[in-house]
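Below is my_file_12.txt, which holds compact mmCIF, C-alpha atoms.
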```
# COMPACT_ATOMS: atom_id res chain seq x y z
CA MET K 11 92.62 86.43 123.91
CA GLY K 12 92.04 82.87 122.72
CA LYS K 13 88.29 83.12 123.21
CA LYS K 14 88.18 86.47 121.41
CA GLN K 15 90.10 85.06 118.44
CA GLY K 16 87.73 82.10 118.37
CA ASN K 17 84.74 84.42 118.34
CA GLN K 18 86.36 86.49 115.58
CA ALA K 19 86.81 83.41 113.40
CA GLN K 20 83.26 82.23 114.08
CA ALA K 21 81.85 85.68 113.30
CA LEU K 22 83.75 85.80 110.00
CA TRP K 23 82.92 82.32 108.72
CA TYR K 24 79.32 82.07 109.93
CA SER K 25 78.63 85.53 108.56
CA THR K 26 80.15 84.57 105.20
CA ILE K 27 78.06 81.39 105.04
CA ALA K 28 74.89 83.25 106.02
CA MET K 29 75.50 85.94 103.42
CA ALA K 30 76.15 83.30 100.73
CA ALA K 31 72.88 81.53 101.59
CA SER K 32 70.99 84.83 101.49
CA PHE K 33 72.60 85.78 98.18
CA VAL K 34 71.42 82.51 96.62
CA ILE K 35 67.88 83.67 97.32
CA TRP K 36 68.60 87.26 96.27
CA ASN K 37 69.79 86.10 92.84
CA MET K 38 67.64 83.01 92.26
CA LEU K 39 65.26 84.57 89.70
CA ALA K 40 67.89 85.63 87.14
CA PRO K 41 68.80 82.06 86.11
CA LEU K 42 65.07 81.21 86.01
CA ALA K 43 64.19 84.19 83.79
CA ALA K 44 63.58 82.11 80.66
CA GLN K 45 61.27 79.68 82.47
CA LEU K 46 59.36 82.47 84.21
CA SER K 47 59.08 84.40 80.94
CA GLU K 48 57.52 81.37 79.27
CA LEU K 49 55.26 80.64 82.23
CA TYR K 50 53.83 84.17 82.45
CA ARG K 51 54.32 85.14 78.77
CA LEU K 52 56.46 88.15 79.66
CA SER K 53 57.68 90.97 77.44
CA GLY K 54 61.36 91.85 77.40
CA PHE K 55 60.82 94.73 79.83
CA GLN K 56 58.73 92.59 82.19
CA LYS K 57 61.46 89.95 82.27
CA SER K 58 64.09 92.63 83.03
CA ALA K 59 61.85 94.08 85.76
CA LEU K 60 61.47 90.66 87.38
CA ILE K 61 65.25 90.21 87.41
CA ALA K 62 65.91 93.74 88.67
CA ALA K 63 63.24 93.90 91.41
CA PRO K 64 65.24 91.96 94.05
CA VAL K 65 68.29 94.11 93.28
CA LEU K 66 66.29 97.27 93.99
CA LEU K 67 65.02 96.36 97.46
CA GLY K 68 68.23 94.56 98.37
CA SER K 69 70.12 97.76 97.60
CA VAL K 70 67.87 100.34 99.25
CA MET K 71 67.45 98.28 102.42
CA ARG K 72 71.19 98.09 103.01
CA ILE K 73 71.08 101.56 104.55
CA PRO K 74 68.60 100.81 107.38
CA MET K 75 69.95 97.28 107.86
CA GLY K 76 73.49 98.59 108.40
CA ILE K 77 72.20 101.10 110.95
CA LEU K 78 70.06 98.46 112.70
CA THR K 79 73.11 96.20 112.90
CA ASP K 80 75.08 98.99 114.59
CA ARG K 81 72.24 99.47 117.05
CA TYR K 82 70.99 95.94 117.82
CA GLY K 83 73.87 93.69 116.82
CA GLY K 84 74.52 91.53 113.78
CA ARG K 85 73.53 88.22 115.35
CA ARG K 86 69.94 89.27 115.97
CA VAL K 87 69.43 91.31 112.79
CA PHE K 88 71.05 88.68 110.53
CA ALA K 89 69.02 85.77 111.92
CA LEU K 90 65.70 87.64 111.69
CA THR K 91 66.40 88.79 108.13
CA MET K 92 67.12 85.23 107.00
CA LEU K 93 63.92 83.98 108.63
CA PHE K 94 61.96 86.74 106.88
CA LEU K 95 63.10 85.36 103.50
CA ILE K 96 61.01 82.25 104.11
CA LEU K 97 57.82 84.29 103.58
CA PRO K 98 58.40 85.49 99.98
CA LEU K 99 59.84 82.07 99.06
CA LEU K 100 56.69 80.28 100.16
CA ALA K 101 54.46 82.99 98.68
CA ALA K 102 56.23 82.66 95.31
CA SER K 103 55.22 78.99 95.13
CA PHE K 104 51.57 80.16 95.06
CA ALA K 105 52.05 83.07 92.62
CA SER K 106 49.78 82.67 89.61
CA SER K 107 50.45 85.96 87.79
CA PHE K 108 53.31 88.22 86.83
CA SER K 109 52.25 90.92 89.31
CA ALA K 110 52.20 88.42 92.19
CA MET K 111 55.62 87.04 91.26
CA LEU K 112 56.99 90.58 90.91
CA LEU K 113 55.86 91.37 94.46
CA CYS K 114 57.54 88.20 95.74
CA ALA K 115 60.66 89.07 93.75
CA LEU K 116 60.80 92.48 95.42
CA PHE K 117 60.81 90.97 98.92
CA LEU K 118 63.33 88.31 97.95
CA GLY K 119 65.59 91.33 97.61
CA MET K 120 65.96 91.37 101.41
CA GLY K 121 68.57 88.69 100.85
CA GLY K 122 70.77 91.34 99.25
CA SER K 123 70.51 93.60 102.30
CA THR K 124 72.50 91.04 104.32
CA PHE K 125 75.64 92.45 102.70
CA ALA K 126 75.45 95.50 104.99
CA ILE K 127 74.65 93.32 108.00
CA SER K 128 77.58 91.00 107.34
CA LEU K 129 80.26 93.62 106.80
CA THR K 130 79.08 95.79 109.69
CA TYR K 131 79.01 92.76 111.99
CA VAL K 132 82.45 91.48 110.97
CA SER K 133 84.13 94.90 111.06
CA ARG K 134 83.30 95.17 114.78
CA TRP K 135 85.58 92.20 115.48
CA TYR K 136 88.79 93.36 113.76
CA PRO K 137 91.19 96.35 114.02
CA PRO K 138 91.41 98.81 111.08
CA GLU K 139 94.79 97.54 109.83
CA LYS K 140 93.29 94.09 109.12
CA GLN K 141 89.92 95.14 107.78
CA GLY K 142 90.83 95.32 104.09
CA PHE K 143 91.68 91.63 103.92
CA VAL K 144 89.07 90.49 106.47
CA LEU K 145 86.19 92.37 104.82
CA GLY K 146 87.38 90.91 101.53
CA LEU K 147 86.99 87.46 103.06
CA ALA K 148 83.55 88.39 104.36
CA GLY K 149 82.69 89.44 100.82
CA LEU K 150 83.15 85.82 99.74
CA GLY K 151 79.47 85.57 100.61
CA ASN K 152 79.01 86.77 97.02
CA LEU K 153 79.66 83.13 96.09
CA GLY K 154 75.95 82.71 96.71
CA VAL K 155 75.44 84.43 93.35
CA ALA K 156 77.55 81.74 91.65
CA ALA K 157 75.67 79.01 93.48
CA ALA K 158 72.38 80.48 92.27
CA SER K 159 73.60 80.93 88.69
CA TYR K 160 74.62 77.31 88.31
CA GLY K 161 72.66 75.46 90.99
CA VAL K 162 69.18 76.90 90.60
CA PRO K 163 68.71 75.80 86.94
CA VAL K 164 69.98 72.32 87.84
CA LEU K 165 67.66 72.15 90.85
CA HIS K 166 64.77 73.34 88.68
CA GLY K 167 65.44 70.53 86.22
CA TYR K 168 65.07 67.93 89.00
CA ILE K 169 62.27 69.26 91.22
CA GLY K 170 60.52 72.02 89.28
CA LEU K 171 59.81 75.64 90.13
CA ASP K 172 57.83 75.07 93.35
CA GLY K 173 60.44 72.61 94.53
CA VAL K 174 63.12 75.28 94.15
CA PHE K 175 61.18 77.68 96.37
CA TYR K 176 60.51 75.04 99.03
CA SER K 177 64.08 73.72 99.12
CA LEU K 178 65.58 77.21 99.44
CA ALA K 179 63.12 78.02 102.23
CA GLY K 180 64.37 74.94 104.07
CA MET K 181 68.00 75.87 103.42
CA ILE K 182 67.72 79.42 104.76
CA THR K 183 65.87 78.18 107.85
CA VAL K 184 68.73 75.83 108.72
CA VAL K 185 71.36 78.52 108.16
CA ALA K 186 69.45 81.05 110.29
CA VAL K 187 69.20 78.60 113.19
CA LEU K 188 72.89 77.68 112.97
CA PHE K 189 73.88 81.34 112.84
CA TRP K 190 71.80 82.15 115.92
CA LEU K 191 73.23 79.21 117.86
CA PHE K 192 76.93 79.54 117.01
CA ALA K 193 77.74 83.15 116.04
CA ALA K 194 78.68 85.39 118.97
CA ASP K 195 77.43 88.93 119.54
CA ALA K 196 79.93 91.52 118.32
CA PRO K 197 81.25 94.31 120.56
CA LYS K 198 78.84 97.25 120.43
CA PRO K 199 79.46 100.99 120.69
CA ALA K 200 79.12 102.33 124.24
CA LYS K 201 76.03 104.32 123.25
CA PRO K 202 74.05 103.43 120.10
CA LYS K 203 73.39 106.42 117.87
CA THR K 204 70.02 107.63 116.63
CA LEU K 205 69.10 107.43 112.95
CA LEU K 206 69.73 111.16 112.52
CA GLN K 207 73.15 110.88 114.12
CA SER K 208 74.08 107.89 111.99
CA MET K 209 73.08 109.68 108.79
CA GLN K 210 75.53 112.50 109.52
CA VAL K 211 78.02 110.49 107.45
CA LEU K 212 76.20 111.86 104.39
CA LYS K 213 77.95 115.16 105.10
CA VAL K 214 81.34 113.49 104.59
CA LYS K 215 82.59 113.80 100.99
CA SER K 216 84.35 110.43 101.16
CA THR K 217 81.00 108.69 101.71
CA TRP K 218 79.79 110.01 98.36
CA ALA K 219 83.07 109.21 96.59
CA LEU K 220 83.04 105.61 97.84
CA SER K 221 79.39 105.27 96.85
CA PHE K 222 80.27 106.49 93.35
CA TYR K 223 83.15 104.00 93.05
CA TYR K 224 81.13 101.10 94.43
CA SER K 225 78.24 101.77 92.07
CA LEU K 226 80.72 100.90 89.33
CA THR K 227 82.61 97.98 90.89
CA PHE K 228 79.82 96.16 92.75
CA GLY K 229 77.14 97.53 90.45
CA GLY K 230 79.05 96.08 87.50
CA PHE K 231 79.38 92.78 89.34
CA VAL K 232 75.64 92.60 90.03
CA ALA K 233 74.63 93.74 86.54
CA PHE K 234 76.81 91.13 84.84
CA SER K 235 75.71 88.45 87.31
CA VAL K 236 72.03 88.95 86.57
CA TYR K 237 72.29 89.73 82.85
CA LEU K 238 75.04 87.38 81.65
CA PRO K 239 72.65 84.41 81.31
CA THR K 240 70.50 86.52 78.98
CA PHE K 241 73.55 87.79 77.10
CA LEU K 242 74.96 84.34 76.54
CA LYS K 243 71.67 82.83 75.41
CA GLU K 244 70.74 85.69 73.07
CA LEU K 245 74.18 86.38 71.58
CA PHE K 246 75.56 82.85 71.31
CA GLY K 247 72.55 80.53 71.65
CA LEU K 248 73.85 78.76 74.77
CA SER K 249 71.56 76.55 76.84
CA ALA K 250 70.43 77.65 80.30
CA ALA K 251 72.89 75.24 81.94
CA GLU K 252 75.84 76.41 79.79
CA ALA K 253 74.99 80.07 80.36
CA GLY K 254 74.64 79.42 84.09
CA LEU K 255 78.04 77.70 84.23
CA ARG K 256 79.81 80.61 82.51
CA THR K 257 78.00 83.12 84.70
CA ALA K 258 79.08 81.13 87.75
CA ALA K 259 82.69 81.32 86.49
CA PHE K 260 82.37 85.12 86.28
CA VAL K 261 80.97 85.32 89.81
CA LEU K 262 83.64 82.97 91.18
CA ALA K 263 86.45 85.00 89.63
CA ALA K 264 85.09 88.32 90.92
CA THR K 265 84.37 86.94 94.38
CA LEU K 266 87.50 84.87 95.02
CA ILE K 267 89.79 87.73 94.03
CA ARG K 268 87.99 90.22 96.31
CA PRO K 269 90.18 89.45 99.37
CA CYS K 270 93.19 90.12 97.15
CA GLY K 271 91.81 93.60 96.50
CA GLY K 272 91.50 94.18 100.24
CA TYR K 273 95.04 92.89 100.83
CA LEU K 274 96.50 95.09 98.10
CA ALA K 275 94.65 98.08 99.56
CA ASP K 276 96.07 97.28 103.02
CA ARG K 277 99.56 97.14 101.54
CA PHE K 278 99.64 99.87 98.87
CA GLY K 279 96.63 102.07 99.64
CA SER K 280 93.12 101.89 98.23
CA ARG K 281 93.41 104.83 95.87
CA ARG K 282 96.48 103.47 94.08
CA VAL K 283 94.76 100.12 93.65
CA LEU K 284 91.59 101.78 92.37
CA THR K 285 93.57 103.68 89.74
CA ALA K 286 94.56 100.36 88.16
CA VAL K 287 91.06 98.96 88.67
CA PHE K 288 89.19 101.75 86.88
CA ALA K 289 91.64 101.71 83.95
CA GLY K 290 91.29 97.93 83.74
CA ILE K 291 87.47 98.10 83.75
CA ALA K 292 87.50 100.62 80.90
CA LEU K 293 89.87 98.51 78.79
CA SER K 294 88.09 95.21 79.43
CA GLY K 295 84.75 96.93 78.70
CA LEU K 296 86.16 97.96 75.32
CA ALA K 297 87.31 94.39 74.67
CA ILE K 298 83.82 93.05 75.48
CA ALA K 299 82.16 95.61 73.17
CA LEU K 300 84.42 94.48 70.33
CA SER K 301 83.71 90.77 70.86
CA LEU K 302 79.91 90.60 70.95
CA ASP K 303 79.98 88.16 68.02
CA GLN K 304 82.89 86.00 69.23
CA ALA K 305 82.05 83.67 72.11
CA GLY K 306 85.65 82.84 73.02
CA SER K 307 86.91 86.43 73.13
CA PHE K 308 83.74 87.53 74.92
CA THR K 309 84.26 84.89 77.64
CA VAL K 310 87.91 85.83 78.21
CA SER K 311 87.08 89.54 78.27
CA PHE K 312 84.31 89.28 80.83
CA LEU K 313 86.49 87.06 83.07
CA ILE K 314 89.18 89.76 82.99
CA MET K 315 86.46 92.28 83.81
CA ALA K 316 85.42 90.07 86.74
CA CYS K 317 88.93 90.25 88.21
CA PHE K 318 89.07 94.05 88.05
CA LEU K 319 85.57 94.36 89.54
CA GLY K 320 86.43 91.98 92.39
CA ILE K 321 89.70 93.75 93.24
CA GLY K 322 87.83 97.06 93.15
CA ASN K 323 85.16 95.80 95.55
CA GLY K 324 87.81 94.76 98.08
CA ALA K 325 89.73 98.03 97.74
CA VAL K 326 86.65 100.23 98.17
CA PHE K 327 85.54 98.52 101.36
CA LYS K 328 88.98 98.83 102.88
CA MET K 329 88.21 102.57 102.97
CA VAL K 330 84.75 102.29 104.57
CA PRO K 331 85.84 102.04 108.25
CA GLU K 332 88.24 104.96 107.63
CA VAL K 333 85.38 107.32 106.71
CA SER K 334 83.66 107.10 110.10
CA PRO K 335 84.80 104.31 112.46
CA ALA K 336 81.92 105.01 114.85
CA ASP K 337 79.30 104.74 112.09
CA THR K 338 80.56 101.77 110.09
CA GLY K 339 77.04 100.39 109.70
CA ALA K 340 75.69 103.61 108.23
CA VAL K 341 78.59 104.03 105.79
CA THR K 342 78.46 100.34 104.85
CA GLY K 343 74.73 100.60 104.21
CA ILE K 344 75.00 103.75 102.10
CA VAL K 345 77.95 102.54 100.02
CA GLY K 346 76.42 99.08 99.69
CA ALA K 347 73.13 100.59 98.56
CA ALA K 348 74.92 102.62 95.91
CA GLY K 349 76.62 99.46 94.68
CA GLY K 350 73.35 97.58 94.52
CA LEU K 351 71.58 100.41 92.70
CA GLY K 352 74.51 100.45 90.30
CA GLY K 353 73.47 96.92 89.42
CA PHE K 354 69.74 97.70 89.23
CA PHE K 355 69.66 100.14 86.32
CA PRO K 356 72.02 98.51 83.75
CA PRO K 357 69.82 95.44 83.08
CA LEU K 358 66.83 97.70 82.43
CA ALA K 359 68.93 100.07 80.32
CA LEU K 360 70.43 97.22 78.31
CA GLY K 361 66.97 95.89 77.55
CA VAL K 362 65.86 99.30 76.26
CA ILE K 363 69.12 99.80 74.30
CA GLN K 364 68.72 96.40 72.67
CA ASP K 365 65.09 97.13 71.75
CA VAL K 366 65.96 100.54 70.26
CA SER K 367 69.29 99.90 68.55
CA GLY K 368 69.34 96.13 68.12
CA SER K 369 72.80 96.03 69.74
CA TYR K 370 74.38 96.16 73.20
CA THR K 371 77.43 98.16 72.05
CA PHE K 372 76.15 101.53 73.28
CA GLY K 373 75.56 100.04 76.74
CA PHE K 374 79.23 99.10 77.00
CA ALA K 375 80.21 102.56 75.78
CA LEU K 376 78.37 103.97 78.80
CA LEU K 377 80.22 101.54 81.09
CA ILE K 378 83.58 102.66 79.66
CA ALA K 379 82.65 106.33 80.13
CA PHE K 380 81.61 105.71 83.75
CA ALA K 381 84.92 103.93 84.48
CA CYS K 382 86.86 106.87 83.00
CA ILE K 383 84.93 109.33 85.18
CA CYS K 384 85.70 107.26 88.29
CA LEU K 385 89.34 107.16 87.27
CA GLY K 386 89.41 110.95 86.96
CA VAL K 387 87.71 111.52 90.33
CA ASN K 388 90.06 109.08 92.05
CA GLN K 389 93.15 110.66 90.49
CA LEU K 390 92.00 114.10 91.61
CA ALA K 391 91.46 112.86 95.18
CA LEU K 392 94.85 111.14 95.17
CA ARG K 393 96.58 114.33 93.99
CA ILE K 394 94.84 116.44 96.65
CA ARG K 395 95.86 113.95 99.33
CA GLN K 396 99.48 113.96 98.14
CA GLU K 397 99.55 117.76 98.17
CA LYS K 398 98.19 117.87 101.73
CA THR K 399 100.80 115.33 102.82
CA ALA K 400 103.56 117.40 101.23
CA VAL K 401 102.37 120.58 103.01
CA THR K 402 102.16 118.93 106.46
CA ALA K 403 105.45 117.04 106.13
CA PRO K 404 108.29 118.49 108.29
```
Would you kindly transcribe this structure into structure tokens?
Amino acid sequence: MGKKQGNQAQALWYSTIAMAASFVIWNMLAPLAAQLSELYRLSGFQKSALIAAPVLLGSVMRIPMGILTDRYGGRRVFALTMLFLILPLLAASFASSFSAMLLCALFLGMGGSTFAISLTYVSRWYPPEKQGFVLGLAGLGNLGVAAASYGVPVLHGYIGLDGVFYSLAGMITVVAVLFWLFAADAPKPAKPKTLLQSMQVLKVKSTWALSFYYSLTFGGFVAFSVYLPTFLKELFGLSAAEAGLRTAAFVLAATLIRPCGGYLADRFGSRRVLTAVFAGIALSGLAIALSLDQAGSFTVSFLIMACFLGIGNGAVFKMVPEVSPADTGAVTGIVGAAGGLGGFFPPLALGVIQDVSGSYTFGFALLIAFACICLGVNQLALRIRQEKTAVTAP
């Protein structure tokens, strides 16, 4: 028992560290957007595309990476994925055009796919009654976004753009080696499933509902993480370092409170927690929309938003192993992909909305509407569940 508990702890903490390191690389271009825009003379849409490209691949690849983790084990898949990231990092140091950098940016998105690897790997070590809190802890790997938001501009100031790429390549190499040496292989299913068998979870309604919810909670987290630096510089004239620091505060708040969301879901049920979360997102979205010309109110409002998004992320993933315990990797990948795609489109949409209307207000109106729809769907599911419980009760 002692050895198993030791392996559980190692799996959790090494996986969290590896995910954080990978997420630094996944999100490294957003805080460098201004420098890259100046270097390549980018239009507003090109800059948004460069920021969004890693989000796209990092989201889509969560589905196969979750399934591969179920089949071949998290230790092997995680280590190889981190080593792969060295290639686009080194290639980016030689990029001499926007198209070349965009291609590198796309493959840097593989860092985002480690989310599905991490949560699938960790979930194999813990029983269902502990997974809300434990997967919330594993989600602390999102701190890599905060590290990128604040650390990458500082690093760029000292060693330049190429130096950033080289140093992060060295960092991810070290983490990959440490992970391979010290993280144990998780227990595997008796018989690994084929791709077709794994994708049967798409027939389960709960898979789609969780994907819908996560596209709001994690999608909102990603969208704010990548677009806040631009917001803060355009709306309030902050420097890159100041904008990065406030973005890091947003990421820290959303990430550190995520285990709390898992704990609350363990204790009170995910759907009850999500009711409060969706209402809170709608109200804080309204507060942000009304404070686009007031830096102080805007900062407070988006930090409150961060807390609701983080709690929502933890609560949603408490439900993932319940959908299909034998196909956790597939469900994790699908729901994680939906969350990532939820963060891919808003930056592009906000850029278009700003170009057309000259304001971001309509973008926040869409966010509020989406939160209200999620609230309605969740309330309907909760009512149906309560009615079924009442019918089956003796």
What's the 8 Å shell around Tyr24 of chain K, counting only C-alpha atoms, without same-chain residues fewer than 6 positions away, as a PyMOL selection string?
chain K and resi 189+192-193
If I take atom CA of Leu118 of chain K and atom CA of Ala157 of chain K, how far is one from the other in Å, to one decimal?
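About the pair atom CA of Leu118 of chain K and atom CA of Ala157 of chain K: they are 16.1 Å apart.
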If you count all atoms listed in the file, which residues fall within 9 Å of segment 34-48 of chain K, apart from same-chain ones fewer than 2 positions away, as a ChimeraX atom specification?
/K:29-32,50-54,56-58,60-62,64-65,68,95,99,108,115,118-123,152-160,162-163,166,171,178-179,182,235-237,239-240,250-251,253-254
Closest of K:Phe288, K:Phe327, K:Tyr131, K:Phe231 to Ser216 of chain K - atom-to-atom distances counting only C-alpha atoms
K:Phe327
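As for atom CA of Tyr273 of chain K and atom CA of Lys328 of chain K, they are spaced 8.7 Å apart.
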Mind giving me the straight-line distance from atom CA of Gly83 of chain K to atom CA of Ala126 of chain K in Å, one decimal?
12.1 Å
Nearest to Pro74 of chain K by atom-to-atom distance, counting only C-alpha atoms, from K:Val87, K:Leu188, K:Leu302, K:Val232:
K:Val87
